[in-house]
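protein_0.txt (compact mmCIF, C-alpha atoms)
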```txt
# COMPACT_ATOMS: atom_id res chain seq x y z
CA MET A 1 -22.17 17.12 -7.46
CA ALA A 2 -22.56 14.78 -4.51
CA LEU A 3 -19.56 12.90 -3.21
CA SER A 4 -19.88 9.14 -3.37
CA PHE A 5 -17.77 6.88 -1.16
CA SER A 6 -18.08 3.17 -0.47
CA ALA A 7 -17.71 3.13 3.30
CA ALA A 8 -17.07 -0.45 4.36
CA LYS A 9 -14.67 -1.96 6.86
CA ALA A 10 -13.92 -4.64 4.24
CA ASN A 11 -12.25 -1.91 2.13
CA ILE A 12 -9.63 -1.30 4.83
CA LYS A 13 -6.76 -3.62 3.95
CA ARG A 14 -3.09 -3.78 3.18
CA ASN A 15 -2.35 -3.96 -0.51
CA TYR A 16 0.80 -5.62 -1.77
CA TYR A 17 1.56 -4.67 -5.34
CA LEU A 18 3.37 -6.70 -7.99
CA VAL A 19 5.31 -4.52 -10.43
CA TYR A 20 5.01 -4.98 -14.19
CA MET A 21 6.83 -2.86 -16.79
CA ARG A 22 6.86 -2.38 -20.56
CA GLU A 23 8.24 0.07 -23.07
CA THR A 24 5.65 2.80 -23.43
CA GLY A 25 2.75 1.72 -25.57
CA THR A 26 -0.69 3.09 -26.30
CA ALA A 27 -2.24 4.52 -23.14
CA ILE A 28 -4.61 2.22 -21.31
CA ALA A 29 -8.30 2.50 -22.14
CA ALA A 30 -11.33 1.10 -20.33
CA ALA A 31 -11.70 -1.51 -23.09
CA ASP A 32 -8.32 -2.93 -22.02
CA TYR A 33 -9.76 -4.15 -18.72
CA ASP A 34 -13.55 -4.34 -19.10
CA THR A 35 -13.55 -8.15 -19.26
CA LEU A 36 -11.22 -10.81 -17.92
CA ALA A 37 -10.19 -11.74 -21.48
CA HIS A 38 -9.27 -8.11 -22.27
CA TRP A 39 -7.39 -7.80 -18.98
CA THR A 40 -5.42 -11.00 -19.66
CA THR A 41 -4.46 -9.72 -23.13
CA PHE A 42 -3.46 -6.32 -21.71
CA LEU A 43 -1.42 -7.82 -18.85
CA ALA A 44 0.48 -9.99 -21.36
CA LEU A 45 1.95 -6.77 -22.85
CA PHE A 46 3.88 -6.24 -19.60
CA THR A 47 6.74 -8.10 -17.92
CA TYR A 48 6.66 -8.94 -14.23
CA ILE A 49 9.96 -7.52 -12.97
CA GLY A 50 10.37 -9.89 -10.02
CA TYR A 51 10.79 -9.55 -6.30
CA CYS A 52 10.71 -6.23 -4.53
CA GLU A 53 11.09 -5.57 -0.82
CA ASN A 54 7.90 -5.58 1.23
CA LYS A 55 6.62 -2.04 1.85
CA ALA A 56 9.18 -0.65 -0.61
CA VAL A 57 6.94 -0.28 -3.67
CA LYS A 58 5.93 3.36 -3.26
CA VAL A 59 4.06 5.74 -5.51
CA ASP A 60 3.21 9.09 -3.94
CA VAL A 61 1.18 11.90 -5.47
CA VAL A 62 1.05 15.04 -3.34
CA PRO A 63 -0.13 18.60 -3.97
CA ASN A 64 2.63 21.11 -4.68
CA ASP A 65 3.28 24.59 -6.04
CA PRO A 66 1.13 26.41 -3.45
CA VAL A 67 -0.12 29.96 -3.94
CA ASP A 68 -1.76 32.04 -1.21
CA ILE A 69 -4.97 33.49 -2.59
CA ASP A 70 -6.88 36.49 -1.26
CA LEU A 71 -9.42 34.33 0.60
CA GLY A 72 -6.71 33.45 3.12
CA GLU A 73 -6.19 29.94 1.88
CA GLU A 74 -3.68 28.05 -0.19
CA LYS A 75 -4.38 26.87 -3.71
CA PHE A 76 -2.15 24.16 -5.12
CA LEU A 77 -1.38 24.56 -8.80
CA GLY A 78 -0.15 21.05 -9.40
CA TYR A 79 1.03 17.76 -8.00
CA GLU A 80 4.35 16.03 -7.55
CA GLY A 81 4.39 12.35 -8.39
CA THR A 82 7.20 10.11 -7.21
CA THR A 83 7.96 6.43 -7.59
CA ASP A 84 10.47 4.50 -5.47
CA ILE A 85 10.72 0.73 -5.82
CA LYS A 86 13.33 -1.37 -4.03
CA PHE A 87 14.08 -4.20 -6.46
CA LEU A 88 15.91 -7.09 -4.78
CA GLN A 89 17.07 -9.28 -7.61
CA SER A 90 20.67 -8.97 -8.75
CA ALA A 91 21.21 -11.50 -11.52
CA VAL A 92 23.20 -10.30 -14.52
CA ALA A 93 20.07 -10.49 -16.69
CA ASP A 94 18.21 -8.23 -14.23
CA ASP A 95 21.06 -5.70 -14.24
CA THR A 96 20.93 -5.66 -18.05
CA ALA A 97 17.14 -5.24 -18.05
CA LEU A 98 17.34 -2.36 -15.56
CA ALA A 99 20.00 -0.60 -17.64
CA ASP A 100 17.86 -1.05 -20.74
CA MET A 101 14.75 0.24 -18.96
CA ALA A 102 16.55 3.34 -17.67
CA SER A 103 17.14 4.58 -21.22
CA LYS A 104 13.52 4.22 -22.42
CA ASP A 105 10.10 5.66 -21.73
CA CYS A 106 8.17 2.99 -19.86
CA ASP A 107 4.73 2.16 -18.53
CA MET A 108 4.37 0.66 -15.08
CA LEU A 109 1.48 -1.47 -13.90
CA LEU A 110 1.03 -2.13 -10.18
CA VAL A 111 -1.25 -5.10 -9.63
CA SER A 112 -2.52 -5.73 -6.11
CA ASN A 113 -1.64 -9.20 -4.94
CA GLY A 114 -4.77 -9.78 -2.88
CA SER A 115 -7.47 -7.37 -3.98
CA LEU A 116 -8.73 -6.85 -7.49
CA LYS A 117 -7.14 -3.43 -7.99
CA PHE A 118 -4.45 -2.01 -10.25
CA ARG A 119 -2.65 1.30 -10.77
CA TYR A 120 -1.24 2.29 -14.16
CA VAL A 121 1.56 4.85 -14.60
CA HIS A 122 2.02 5.82 -18.26
CA ASN A 123 5.04 7.08 -20.19
CA LYS A 124 7.73 7.76 -17.60
CA ARG A 125 11.53 7.53 -17.85
CA PHE A 126 12.62 5.77 -14.68
CA ASN A 127 16.08 6.19 -13.15
CA VAL A 128 17.88 3.25 -11.60
CA GLU A 129 20.24 3.31 -8.62
CA THR A 130 22.34 0.23 -7.85
CA HIS A 131 23.37 -0.51 -4.27
CA ILE A 132 26.11 -3.07 -3.56
CA ASN A 133 27.20 -3.59 0.04
CA SER A 134 29.25 -6.64 0.94
CA GLY A 135 27.21 -8.93 3.17
CA ASP A 136 23.90 -7.19 2.37
CA ILE A 137 21.25 -8.06 -0.17
CA GLU A 138 22.12 -6.34 -3.43
CA HIS A 139 19.31 -4.18 -4.67
CA SER A 140 18.39 -1.47 -7.11
CA ILE A 141 16.06 1.46 -6.61
CA ILE A 142 13.76 2.27 -9.52
CA LYS A 143 12.88 5.96 -9.26
CA HIS A 144 10.90 8.66 -10.99
CA LYS A 145 9.81 12.17 -10.01
CA GLN A 146 7.64 14.55 -12.01
CA ASN A 147 5.47 17.62 -11.55
CA VAL A 148 2.06 17.18 -13.15
CA THR A 149 -1.17 19.15 -13.33
CA ALA A 150 -3.43 16.44 -11.86
CA ALA A 151 -3.12 13.54 -9.43
CA SER A 152 -4.77 11.08 -11.81
CA GLY A 153 -6.24 10.87 -15.27
CA SER A 154 -4.65 11.45 -18.65
CA SER A 155 -2.68 14.49 -17.38
CA GLY A 156 -1.99 12.97 -13.96
CA TYR A 157 0.85 10.99 -12.49
CA ILE A 158 -1.29 7.88 -12.01
CA HIS A 159 -2.99 7.55 -15.38
CA THR A 160 -5.58 4.94 -14.40
CA THR A 161 -6.77 3.18 -11.25
CA GLY A 162 -9.15 0.34 -11.85
CA ALA A 163 -10.70 -2.90 -10.79
CA ILE A 164 -9.43 -6.15 -12.30
CA PRO A 165 -12.41 -7.98 -13.83
CA THR A 166 -13.29 -11.46 -12.63
CA SER A 167 -15.32 -12.51 -15.68
```

Just give me the structure as structure tokens.
Amino acid sequence: MALSFSAAKANIKRNYYLVYMRETGTAIAAADYDTLAHWTTFLALFTYIGYCENKAVKVDVVPNDPVDIDLGEEKFLGYEGTTDIKFLQSAVADDTALADMASKDCDMLLVSNGSLKFRYVHNKRFNVETHINSGDIEHSIIKHKQNVTAASGSSGYIHTTGAIPTS
């Protein structure tokens, strides 16, 4: 199989993601975002959580569980997926929503605020840390960590990466 990349300087950009959450529903399918109308209907199932700190919406998927094989190289048997989001809002309603979210399996949708790209993380139970320091901006950290067998796809940490349709 030949590798296929889209080498273009226009594809080198900073992405800023907006965070949307919902209680876990049916996993996303291509028909959920194949047209703008389907995308709009799908996005309406989620709630925009509000303001997060710039450069503090992080989802990392890295190889882990290495095994040295007899060819003198390492083989990784899985991946570790982590999510860390610094959520800046601290209204009572937001605190209640975070506490409610922490006790449920949720889906997370990261929507790029500038390019037509999204990332979908399916069926995770997020933990919430609350940080209160007098004189600082109150914030919460939304976290998740899980070992998975693949980086993406139905058994991966990031279930789906896709393009947002324009028509």

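Going from atom CA of A:Asp107 to atom CA of A:Tyr120 covers 7.4 Å.
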
*Considering only C-alpha atoms, return as a list in words whatever protein or nucleic-acid residues lie within 7 Å of A:Leu77, sequence-local ones (same chain, fewer than 4 positions apart) excluded.*
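Residues near the query, excluding close chain neighbours: Asn64, Asp65 and Pro66 of chain A.
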
Would you save the residues of that selection, restricted to C-alpha atoms, as an mmCIF file, in the frame of the given file?
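File again-v3.cif, as written:
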```
data_model
loop_
_atom_site.group_PDB
_atom_site.id
_atom_site.type_symbol
_atom_site.label_atom_id
_atom_site.label_comp_id
_atom_site.auth_asym_id
_atom_site.auth_seq_id
_atom_site.Cartn_x
_atom_site.Cartn_y
_atom_site.Cartn_z
ATOM 1 C CA ASN A 64 2.630 21.110 -4.680
ATOM 2 C CA ASP A 65 3.280 24.590 -6.040
ATOM 3 C CA PRO A 66 1.130 26.410 -3.450
#
```

*Of the listed residues A:Val121, A:Val61, A:Ile137, A:Ala8, that which approaches A:Thr24 most closely, counting all atoms listed in the file*: A:Val121

*Taking the point (7.4, -2.0, -15.2) as given in the file, collect each protein or nucleic acid residue that comes within 6 Å of it, counting all atoms listed in the file, and present the set as an MDAnalysis selection string.*
chainID A and resid 19:22 107:108

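Across the model, the gap from atom CA of A:Ser4 to atom CA of A:Asp32 is 25.0 Å.
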
*Pick the closest to A:Ser154 from A:Ser140, A:Ser6, A:Asn123, A:Ser134: which is it, counting all atoms listed in the file?*
A:Asn123

*Can you tell me, as JSON, numbers by chain, what residues are no more than 6 Å from A:Leu36 when counting all atoms listed in the file, ignoring any on the same chain fewer than 2 positions away?*
{"A": [38, 39, 165, 166, 167]}

*Of the candidates A:Ile141, A:Ile28, A:Thr96, A:Asp136, which shows the shortest atom-to-atom distance to A:Leu43, using all atoms listed in the file?*
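Result for the nearest residue to A:Leu43: A:Ile28.
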
_Please determine, counting only C-alpha atoms, which residue among A:Leu3, A:Cys106, A:Leu71, A:Ile164 has the shortest atom-to-atom distance to A:Ala37._
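Closest to A:Ala37 of all the choices is A:Ile164.
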
_For atom CA of A:Tyr51 and atom CA of A:Lys86, the interatomic separation in Å (one decimal)_ =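 Distance reported for this atom pair: 8.9 Å.
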
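Proximity of A:Glu80, A:Ala91, A:Ser155, A:Tyr48 to A:Pro63, computed with only C-alpha atoms, is greatest for A:Glu80.
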
*Best match for closeness to A:Cys52 among A:Ala2, A:Ile132, A:Ala31, A:Leu110, counting only C-alpha atoms*: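 Of the candidates, the smallest distance to A:Cys52 is held by A:Leu110.
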
_Spatial neighbours of A:Ile142, 10 Å, all atoms listed in the file, chain gap at least 3 places, as a ChimeraX atom specification_ = /A:57,83-87,98,101-102,126-130,139

Fix up stretch 124-145 of chain A with N, CA and C atoms, then write it as a compact mmCIF listing (two decimals), in the frame of the given file.
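After the write, part_8.txt holds the following:
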```txt
# COMPACT_ATOMS: atom_id res chain seq x y z
N LYS A 124 6.76 7.14 -18.49
CA LYS A 124 7.73 7.76 -17.60
C LYS A 124 9.11 7.20 -17.90
N ARG A 125 10.15 8.00 -17.70
CA ARG A 125 11.53 7.53 -17.85
C ARG A 125 12.07 7.36 -16.43
N PHE A 126 12.19 6.10 -16.03
CA PHE A 126 12.62 5.77 -14.68
C PHE A 126 14.15 5.80 -14.58
N ASN A 127 14.66 6.24 -13.45
CA ASN A 127 16.08 6.19 -13.15
C ASN A 127 16.33 4.96 -12.30
N VAL A 128 17.54 4.44 -12.37
CA VAL A 128 17.88 3.25 -11.60
C VAL A 128 19.15 3.51 -10.80
N GLU A 129 19.07 3.26 -9.49
CA GLU A 129 20.24 3.31 -8.62
C GLU A 129 20.61 1.87 -8.27
N THR A 130 21.89 1.55 -8.25
CA THR A 130 22.34 0.23 -7.85
C THR A 130 23.09 0.35 -6.53
N HIS A 131 22.76 -0.53 -5.59
CA HIS A 131 23.37 -0.51 -4.27
C HIS A 131 24.03 -1.87 -3.99
N ILE A 132 25.35 -1.85 -3.83
CA ILE A 132 26.11 -3.07 -3.56
C ILE A 132 26.88 -2.87 -2.27
N ASN A 133 26.51 -3.62 -1.24
CA ASN A 133 27.20 -3.59 0.04
C ASN A 133 27.56 -5.02 0.40
N SER A 134 28.82 -5.30 0.59
CA SER A 134 29.25 -6.64 0.94
C SER A 134 28.50 -7.14 2.17
N GLY A 135 27.94 -8.33 2.06
CA GLY A 135 27.21 -8.93 3.17
C GLY A 135 25.74 -8.55 3.21
N ASP A 136 25.31 -7.58 2.43
CA ASP A 136 23.90 -7.19 2.37
C ASP A 136 23.26 -7.75 1.10
N ILE A 137 21.96 -7.65 1.04
CA ILE A 137 21.25 -8.06 -0.17
C ILE A 137 21.42 -6.96 -1.20
N GLU A 138 21.99 -7.32 -2.35
CA GLU A 138 22.12 -6.34 -3.43
C GLU A 138 20.73 -5.93 -3.86
N HIS A 139 20.60 -4.65 -4.20
CA HIS A 139 19.31 -4.18 -4.67
C HIS A 139 19.49 -2.96 -5.56
N SER A 140 18.44 -2.68 -6.29
CA SER A 140 18.39 -1.47 -7.11
C SER A 140 17.15 -0.69 -6.71
N ILE A 141 17.22 0.60 -6.87
CA ILE A 141 16.06 1.46 -6.61
C ILE A 141 15.61 2.00 -7.96
N ILE A 142 14.37 1.74 -8.30
CA ILE A 142 13.76 2.27 -9.52
C ILE A 142 13.03 3.54 -9.10
N LYS A 143 13.40 4.68 -9.72
CA LYS A 143 12.88 5.96 -9.26
C LYS A 143 12.33 6.80 -10.42
N HIS A 144 11.38 7.65 -10.06
CA HIS A 144 10.90 8.66 -10.99
C HIS A 144 10.27 9.78 -10.18
N LYS A 145 10.41 11.01 -10.67
CA LYS A 145 9.81 12.17 -10.01
C LYS A 145 9.37 13.14 -11.10
```
